[in-house]
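Everything on this sheet refers to the single structure shown next.
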Amino acid sequence: MINQIPGIKHTDTNNFFLMAGPCAIEGEEMALKIAERIVNITDRLGIPFIFKGSYRKANRSRVDSFTGIGDEKALKILAKVGNEFGIPTVTDIHESNEAAMAACYVDVLQIPAFLCRQTDLLVAAAKTGKFINIKKGQFLSASSMSFAVEKVRDSGNSQVILTDRGNTFGYQDLIVDFRGIPEMRSFDVPVVMDCTHSLQQPNQPNGVTGGKPGLIETIAKAAIAVGADGLFIETHPDPLNAKSDGANMLHLDSLEQLLEKLLRIRQAL
């Protein structure tokens, strides 16, 4: 089913696909630079690639946190990335009135984890006819996501992807239950593992989310081993100075070597 997304390359059904890019669109030059680098890597390795970038960050701990460069400006950058490299793009939406707007610029609409139960949002996204990537809430079991899938399908859209991003563990940590991947795959949808957000350490005293990027490879390897259809990886050429979620992003220079290792795992299955 993932091969039906406009612009998706490499239809080898035995391979996993990749959603990757910066947490937020910080500017055109950086977005194009990151996209070009990932396209070169994924083309060489034969990995289907969807460029990821949030046009606005609505869920922030502090009011002075970076939220974006302007909705229309960021969405136009996403559209330019897709057109220039011939690849599909994905971005988050936060309210039902954003669905039709964002659908004019991207190929996949993403429902943030905290909003995966919002019926109006899911229905509005479904009615655009786009692929809908629903992130599993940190507070939900994998089995509970069947209802989110049903909401989209009952709204006339069968193009659903589910993404696991871990479960709340105490107040300031997350943990991944890898049993959820095969369980969600049983809903007959592609299942993705978010290898970066699952390593967040939210609710830090300074109001800035922390993370454990050194474990991205561990999460990715385990996800491929248990049958994930795709991986979600936020990556940046300078994570320490990224404007959003730098604490849990993968350095762009580390992406190629990681994907090479993951391909070897996939080929061994």
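Chain labels run A, B, ... following the order of the structure tokens; each chain numbers its residues from 1, and ligands are numbered from 1 in the order shown.
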Within stretch 82-262 of chain A, find each residue whose DSSP state, derived from the backbone, is strand (DSSP E), and express the selection as a ChimeraX atom specification.
/A:89-92,108-111,131-135,160-164,167-168,174-175,191-194,200-201,210-211,230-236,250-251
Prev. selection, N, CA and C atoms, output as an mmCIF file, in the first residue's frame:
```cif
data_model
loop_
_atom_site.group_PDB
_atom_site.id
_atom_site.type_symbol
_atom_site.label_atom_id
_atom_site.label_comp_id
_atom_site.auth_asym_id
_atom_site.auth_seq_id
_atom_site.Cartn_x
_atom_site.Cartn_y
_atom_site.Cartn_z
ATOM 1 N N THR A 89 5.951 14.024 0.658
ATOM 2 C CA THR A 89 6.251 14.765 1.881
ATOM 3 C C THR A 89 5.148 14.535 2.908
ATOM 4 N N VAL A 90 5.506 14.711 4.176
ATOM 5 C CA VAL A 90 4.555 14.526 5.268
ATOM 6 C C VAL A 90 4.729 15.653 6.276
ATOM 7 N N THR A 91 3.610 16.118 6.830
ATOM 8 C CA THR A 91 3.651 17.139 7.875
ATOM 9 C C THR A 91 2.509 16.914 8.846
ATOM 10 N N ASP A 92 2.650 17.448 10.064
ATOM 11 C CA ASP A 92 1.619 17.321 11.097
ATOM 12 C C ASP A 92 0.502 18.338 10.884
ATOM 13 N N VAL A 108 1.156 13.310 2.602
ATOM 14 C CA VAL A 108 0.744 12.557 3.785
ATOM 15 C C VAL A 108 0.463 13.539 4.911
ATOM 16 N N LEU A 109 -0.684 13.393 5.557
ATOM 17 C CA LEU A 109 -1.014 14.198 6.733
ATOM 18 C C LEU A 109 -0.748 13.359 7.979
ATOM 19 N N GLN A 110 -0.059 13.951 8.930
ATOM 20 C CA GLN A 110 0.310 13.227 10.151
ATOM 21 C C GLN A 110 -0.487 13.747 11.341
ATOM 22 N N ILE A 111 -1.041 12.815 12.102
ATOM 23 C CA ILE A 111 -1.785 13.150 13.309
ATOM 24 C C ILE A 111 -0.860 12.959 14.506
ATOM 25 N N PHE A 131 -2.977 10.162 2.251
ATOM 26 C CA PHE A 131 -2.539 9.161 3.224
ATOM 27 C C PHE A 131 -2.516 9.818 4.597
ATOM 28 N N ILE A 132 -2.918 9.081 5.616
ATOM 29 C CA ILE A 132 -2.965 9.606 6.981
ATOM 30 C C ILE A 132 -2.046 8.769 7.857
ATOM 31 N N ASN A 133 -1.025 9.408 8.416
ATOM 32 C CA ASN A 133 -0.124 8.736 9.346
ATOM 33 C C ASN A 133 -0.529 9.130 10.761
ATOM 34 N N ILE A 134 -1.047 8.165 11.508
ATOM 35 C CA ILE A 134 -1.509 8.426 12.870
ATOM 36 C C ILE A 134 -0.456 7.932 13.857
ATOM 37 N N LYS A 135 0.039 8.825 14.671
ATOM 38 C CA LYS A 135 0.982 8.413 15.705
ATOM 39 C C LYS A 135 0.216 7.885 16.918
ATOM 40 N N VAL A 160 -4.173 4.411 5.483
ATOM 41 C CA VAL A 160 -3.779 4.681 6.859
ATOM 42 C C VAL A 160 -2.420 4.062 7.165
ATOM 43 N N ILE A 161 -1.602 4.811 7.879
ATOM 44 C CA ILE A 161 -0.325 4.337 8.412
ATOM 45 C C ILE A 161 -0.369 4.569 9.918
ATOM 46 N N LEU A 162 0.169 3.645 10.703
ATOM 47 C CA LEU A 162 0.279 3.842 12.151
ATOM 48 C C LEU A 162 1.742 3.936 12.540
ATOM 49 N N THR A 163 2.049 4.853 13.444
ATOM 50 C CA THR A 163 3.423 5.028 13.912
ATOM 51 C C THR A 163 3.482 4.929 15.430
ATOM 52 N N ASP A 164 4.346 4.052 15.912
ATOM 53 C CA ASP A 164 4.561 3.897 17.353
ATOM 54 C C ASP A 164 5.664 4.848 17.790
ATOM 55 N N ASN A 167 5.662 4.550 24.920
ATOM 56 C CA ASN A 167 4.644 4.762 25.941
ATOM 57 C C ASN A 167 5.225 5.517 27.128
ATOM 58 N N THR A 168 4.394 6.340 27.740
ATOM 59 C CA THR A 168 4.818 7.096 28.913
ATOM 60 C C THR A 168 5.287 6.138 30.005
ATOM 61 N N LEU A 174 10.055 7.601 28.312
ATOM 62 C CA LEU A 174 9.220 6.765 27.463
ATOM 63 C C LEU A 174 9.874 5.407 27.338
ATOM 64 N N ILE A 175 9.074 4.404 27.053
ATOM 65 C CA ILE A 175 9.601 3.066 26.823
ATOM 66 C C ILE A 175 8.848 2.450 25.649
ATOM 67 N N VAL A 191 3.039 -0.235 9.482
ATOM 68 C CA VAL A 191 3.391 0.247 10.822
ATOM 69 C C VAL A 191 4.823 0.756 10.828
ATOM 70 N N VAL A 192 4.981 1.939 11.389
ATOM 71 C CA VAL A 192 6.263 2.633 11.428
ATOM 72 C C VAL A 192 6.734 2.750 12.875
ATOM 73 N N MET A 193 8.035 2.698 13.079
ATOM 74 C CA MET A 193 8.611 2.966 14.396
ATOM 75 C C MET A 193 9.273 4.332 14.390
ATOM 76 N N ASP A 194 8.834 5.200 15.268
ATOM 77 C CA ASP A 194 9.448 6.521 15.423
ATOM 78 C C ASP A 194 10.665 6.350 16.335
ATOM 79 N N GLN A 200 12.559 10.469 23.535
ATOM 80 C CA GLN A 200 12.419 11.749 24.223
ATOM 81 C C GLN A 200 12.388 11.558 25.735
ATOM 82 N N GLN A 201 12.792 12.608 26.426
ATOM 83 C CA GLN A 201 12.611 12.687 27.875
ATOM 84 C C GLN A 201 11.843 13.980 28.150
ATOM 85 N N GLY A 210 14.265 16.656 26.730
ATOM 86 C CA GLY A 210 15.545 15.987 26.558
ATOM 87 C C GLY A 210 15.398 14.753 25.691
ATOM 88 N N GLY A 211 16.476 13.973 25.600
ATOM 89 C CA GLY A 211 16.410 12.768 24.793
ATOM 90 C C GLY A 211 17.664 11.934 24.905
ATOM 91 N N GLY A 230 8.213 0.509 8.260
ATOM 92 C CA GLY A 230 8.941 1.740 8.018
ATOM 93 C C GLY A 230 9.546 2.297 9.285
ATOM 94 N N LEU A 231 10.430 3.269 9.115
ATOM 95 C CA LEU A 231 11.068 3.951 10.240
ATOM 96 C C LEU A 231 10.858 5.451 10.093
ATOM 97 N N PHE A 232 10.662 6.110 11.206
ATOM 98 C CA PHE A 232 10.528 7.561 11.274
ATOM 99 C C PHE A 232 11.747 8.067 12.043
ATOM 100 N N ILE A 233 12.557 8.903 11.398
ATOM 101 C CA ILE A 233 13.788 9.389 12.026
ATOM 102 C C ILE A 233 13.934 10.882 11.758
ATOM 103 N N GLU A 234 13.913 11.674 12.806
ATOM 104 C CA GLU A 234 14.199 13.094 12.627
ATOM 105 C C GLU A 234 15.710 13.277 12.621
ATOM 106 N N THR A 235 16.183 14.029 11.636
ATOM 107 C CA THR A 235 17.629 14.177 11.453
ATOM 108 C C THR A 235 17.959 15.611 11.071
ATOM 109 N N HIS A 236 19.166 16.029 11.425
ATOM 110 C CA HIS A 236 19.544 17.441 11.274
ATOM 111 C C HIS A 236 21.066 17.509 11.153
ATOM 112 N N LEU A 250 18.779 12.521 15.203
ATOM 113 C CA LEU A 250 19.976 11.863 14.696
ATOM 114 C C LEU A 250 20.794 12.866 13.880
ATOM 115 N N HIS A 251 22.094 12.875 14.102
ATOM 116 C CA HIS A 251 22.944 13.728 13.267
ATOM 117 C C HIS A 251 22.889 13.210 11.837
#
```
Nearest-residue call for A:Pro182, choices A:Cys195, A:Leu215, A:Ile50, A:Ala142, using only C-alpha atoms
A:Ala142
Mind checking DSSP for stretch 14-230 of chain A and telling me the alpha helix (DSSP H) residues as a PDB file with C-alpha atoms, in the first residue's frame?
```pdb
ATOM      1  CA  GLU A  28      14.225  26.709   2.634  1.00  0.00           C
ATOM      2  CA  GLU A  29      17.976  26.290   2.300  1.00  0.00           C
ATOM      3  CA  MET A  30      18.234  23.876   5.209  1.00  0.00           C
ATOM      4  CA  ALA A  31      15.195  21.842   4.140  1.00  0.00           C
ATOM      5  CA  LEU A  32      16.547  21.423   0.601  1.00  0.00           C
ATOM      6  CA  LYS A  33      20.001  20.551   1.918  1.00  0.00           C
ATOM      7  CA  ILE A  34      18.664  17.856   4.228  1.00  0.00           C
ATOM      8  CA  ALA A  35      16.321  16.455   1.580  1.00  0.00           C
ATOM      9  CA  GLU A  36      19.056  16.266  -1.054  1.00  0.00           C
ATOM     10  CA  ARG A  37      21.367  14.413   1.309  1.00  0.00           C
ATOM     11  CA  ILE A  38      18.710  11.868   2.270  1.00  0.00           C
ATOM     12  CA  VAL A  39      17.560  11.395  -1.333  1.00  0.00           C
ATOM     13  CA  ASN A  40      21.126  10.582  -2.372  1.00  0.00           C
ATOM     14  CA  ILE A  41      21.426   8.027   0.425  1.00  0.00           C
ATOM     15  CA  THR A  42      18.050   6.360  -0.051  1.00  0.00           C
ATOM     16  CA  ASP A  43      18.366   6.255  -3.842  1.00  0.00           C
ATOM     17  CA  ARG A  44      21.669   4.432  -3.487  1.00  0.00           C
ATOM     18  CA  LEU A  45      20.270   1.974  -0.939  1.00  0.00           C
ATOM     19  CA  ASP A  71       2.423  28.284   8.107  1.00  0.00           C
ATOM     20  CA  GLU A  72       2.194  29.183   4.423  1.00  0.00           C
ATOM     21  CA  LYS A  73       5.922  29.828   4.103  1.00  0.00           C
ATOM     22  CA  ALA A  74       6.801  26.448   5.610  1.00  0.00           C
ATOM     23  CA  LEU A  75       4.173  24.577   3.600  1.00  0.00           C
ATOM     24  CA  LYS A  76       5.468  26.107   0.379  1.00  0.00           C
ATOM     25  CA  ILE A  77       8.960  24.901   1.298  1.00  0.00           C
ATOM     26  CA  LEU A  78       7.606  21.384   1.798  1.00  0.00           C
ATOM     27  CA  ALA A  79       5.930  21.563  -1.612  1.00  0.00           C
ATOM     28  CA  LYS A  80       9.190  22.762  -3.178  1.00  0.00           C
ATOM     29  CA  VAL A  81      11.105  19.862  -1.614  1.00  0.00           C
ATOM     30  CA  GLY A  82       8.582  17.411  -3.039  1.00  0.00           C
ATOM     31  CA  ASN A  83       8.628  18.957  -6.497  1.00  0.00           C
ATOM     32  CA  GLU A  84      12.369  19.454  -6.732  1.00  0.00           C
ATOM     33  CA  PHE A  85      13.298  15.912  -5.739  1.00  0.00           C
ATOM     34  CA  ALA A  99      -6.406  19.448   7.073  1.00  0.00           C
ATOM     35  CA  ALA A 100      -7.577  20.857   3.737  1.00  0.00           C
ATOM     36  CA  MET A 101      -4.946  23.615   3.845  1.00  0.00           C
ATOM     37  CA  ALA A 102      -2.010  21.286   4.463  1.00  0.00           C
ATOM     38  CA  ALA A 103      -3.315  18.739   1.948  1.00  0.00           C
ATOM     39  CA  THR A 119     -12.425  12.353  16.013  1.00  0.00           C
ATOM     40  CA  ASP A 120     -13.025  15.633  14.167  1.00  0.00           C
ATOM     41  CA  LEU A 121      -9.335  15.867  13.280  1.00  0.00           C
ATOM     42  CA  LEU A 122      -9.167  12.288  11.986  1.00  0.00           C
ATOM     43  CA  VAL A 123     -12.345  12.683   9.943  1.00  0.00           C
ATOM     44  CA  ALA A 124     -11.188  15.986   8.423  1.00  0.00           C
ATOM     45  CA  ALA A 125      -7.836  14.453   7.523  1.00  0.00           C
ATOM     46  CA  ALA A 126      -9.503  11.384   6.016  1.00  0.00           C
ATOM     47  CA  MET A 145      -5.260   2.210  17.776  1.00  0.00           C
ATOM     48  CA  SER A 146      -7.743   0.022  15.917  1.00  0.00           C
ATOM     49  CA  PHE A 147     -10.379   2.640  16.697  1.00  0.00           C
ATOM     50  CA  ALA A 148      -8.315   5.435  15.141  1.00  0.00           C
ATOM     51  CA  VAL A 149      -7.938   3.325  12.002  1.00  0.00           C
ATOM     52  CA  GLU A 150     -11.686   2.678  11.937  1.00  0.00           C
ATOM     53  CA  LYS A 151     -12.451   6.406  12.152  1.00  0.00           C
ATOM     54  CA  VAL A 152     -10.410   7.089   9.026  1.00  0.00           C
ATOM     55  CA  ARG A 153     -11.764   4.094   7.128  1.00  0.00           C
ATOM     56  CA  ASP A 154     -15.355   4.849   8.112  1.00  0.00           C
ATOM     57  CA  GLY A 180       2.846  -3.315  19.524  1.00  0.00           C
ATOM     58  CA  ILE A 181       4.344  -3.475  16.029  1.00  0.00           C
ATOM     59  CA  PRO A 182       2.936  -6.882  15.036  1.00  0.00           C
ATOM     60  CA  GLU A 183      -0.274  -6.099  16.906  1.00  0.00           C
ATOM     61  CA  MET A 184      -0.885  -2.925  14.887  1.00  0.00           C
ATOM     62  CA  ARG A 185       0.163  -4.643  11.652  1.00  0.00           C
ATOM     63  CA  ILE A 216      18.359   5.538  18.054  1.00  0.00           C
ATOM     64  CA  GLU A 217      20.268   2.679  16.448  1.00  0.00           C
ATOM     65  CA  THR A 218      19.058   0.261  19.136  1.00  0.00           C
ATOM     66  CA  ILE A 219      15.403   1.195  18.639  1.00  0.00           C
ATOM     67  CA  ALA A 220      15.714   1.061  14.841  1.00  0.00           C
ATOM     68  CA  LYS A 221      17.405  -2.352  14.826  1.00  0.00           C
ATOM     69  CA  ALA A 222      14.774  -3.851  17.127  1.00  0.00           C
ATOM     70  CA  ALA A 223      11.927  -2.376  15.068  1.00  0.00           C
ATOM     71  CA  ILE A 224      13.228  -3.866  11.827  1.00  0.00           C
ATOM     72  CA  ALA A 225      13.833  -7.201  13.548  1.00  0.00           C
TER      73      ALA A 225
END
```
Tell me, as a PyMOL selection string, which residues lie within 9 Å of A:Ile8, counting only C-alpha atoms; anything in the same chain fewer than 3 positions away does not count.
chain A and resi 2-5+11+48-50+86-88
Write a file of the selected residues as a CSV table (one decimal), in the first residue's frame, keeping N, CA and C atoms.
```csv
chain,number,residue,atom,x,y,z
A,2,ILE,N,2.0,1.2,0.7
A,2,ILE,CA,2.8,2.4,0.8
A,2,ILE,C,3.3,2.9,-0.6
A,3,ASN,N,3.4,1.9,-1.5
A,3,ASN,CA,3.9,2.3,-2.9
A,3,ASN,C,2.9,3.1,-3.7
A,4,GLN,N,1.7,3.3,-3.1
A,4,GLN,CA,0.7,4.1,-3.8
A,4,GLN,C,0.8,5.5,-3.5
A,5,ILE,N,1.7,5.9,-2.6
A,5,ILE,CA,1.9,7.3,-2.3
A,5,ILE,C,2.5,8.0,-3.5
A,11,THR,N,9.9,0.2,-5.4
A,11,THR,CA,8.7,-0.6,-5.0
A,11,THR,C,9.1,-2.0,-4.5
A,48,PRO,N,12.5,3.4,-0.1
A,48,PRO,CA,11.5,4.4,-0.3
A,48,PRO,C,11.6,5.5,0.7
A,49,PHE,N,11.5,6.8,0.3
A,49,PHE,CA,11.7,7.9,1.2
A,49,PHE,C,10.6,8.9,1.1
A,50,ILE,N,10.1,9.3,2.3
A,50,ILE,CA,9.1,10.4,2.5
A,50,ILE,C,9.8,11.5,3.3
A,86,GLY,N,11.1,15.1,-6.5
A,86,GLY,CA,10.2,14.1,-6.9
A,86,GLY,C,9.9,13.1,-5.8
A,87,ILE,N,9.7,13.5,-4.6
A,87,ILE,CA,9.5,12.6,-3.5
A,87,ILE,C,8.2,13.1,-2.7
A,88,PRO,N,7.6,12.2,-2.0
A,88,PRO,CA,6.4,12.5,-1.2
A,88,PRO,C,6.9,13.3,0.1
```
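Using only C-alpha atoms, the contacts of A:Ile47 at a cut-off of 8 Å, with sequence neighbours closer than 5 positions omitted, comprise Lys9, His10, Asn15, Phe16, Phe17, Leu18 and Thr42 of chain A.
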Residue with smallest distance to A:Ala24 - pool A:Gly166, A:Pro190, A:Gly246, A:Pro213, counting only C-alpha atoms:
A:Gly246
Would you mind reading off the distance between atom CA of A:Gln138 and atom CA of A:Cys116, one decimal, in Å?
9.9 Å
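Reported to one decimal place, the separation of atom CA of A:Gln267 from atom CA of A:Thr196 is 23.1 Å.
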As a check of understanding: the span from atom CA of A:Pro237 to atom CA of A:Pro202 is 22.7 Å
Considering only C-alpha atoms, state which residue in the set A:Gly27, A:Pro112, A:Pro6, A:Gly137 is at the smallest distance from A:Lys57.
A:Pro112
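With only C-alpha atoms as the atoms that count, the minimum distance from A:His197 to the choices A:Glu26, A:Asp253, A:Asp173, A:Glu95 is reached by A:Asp173.
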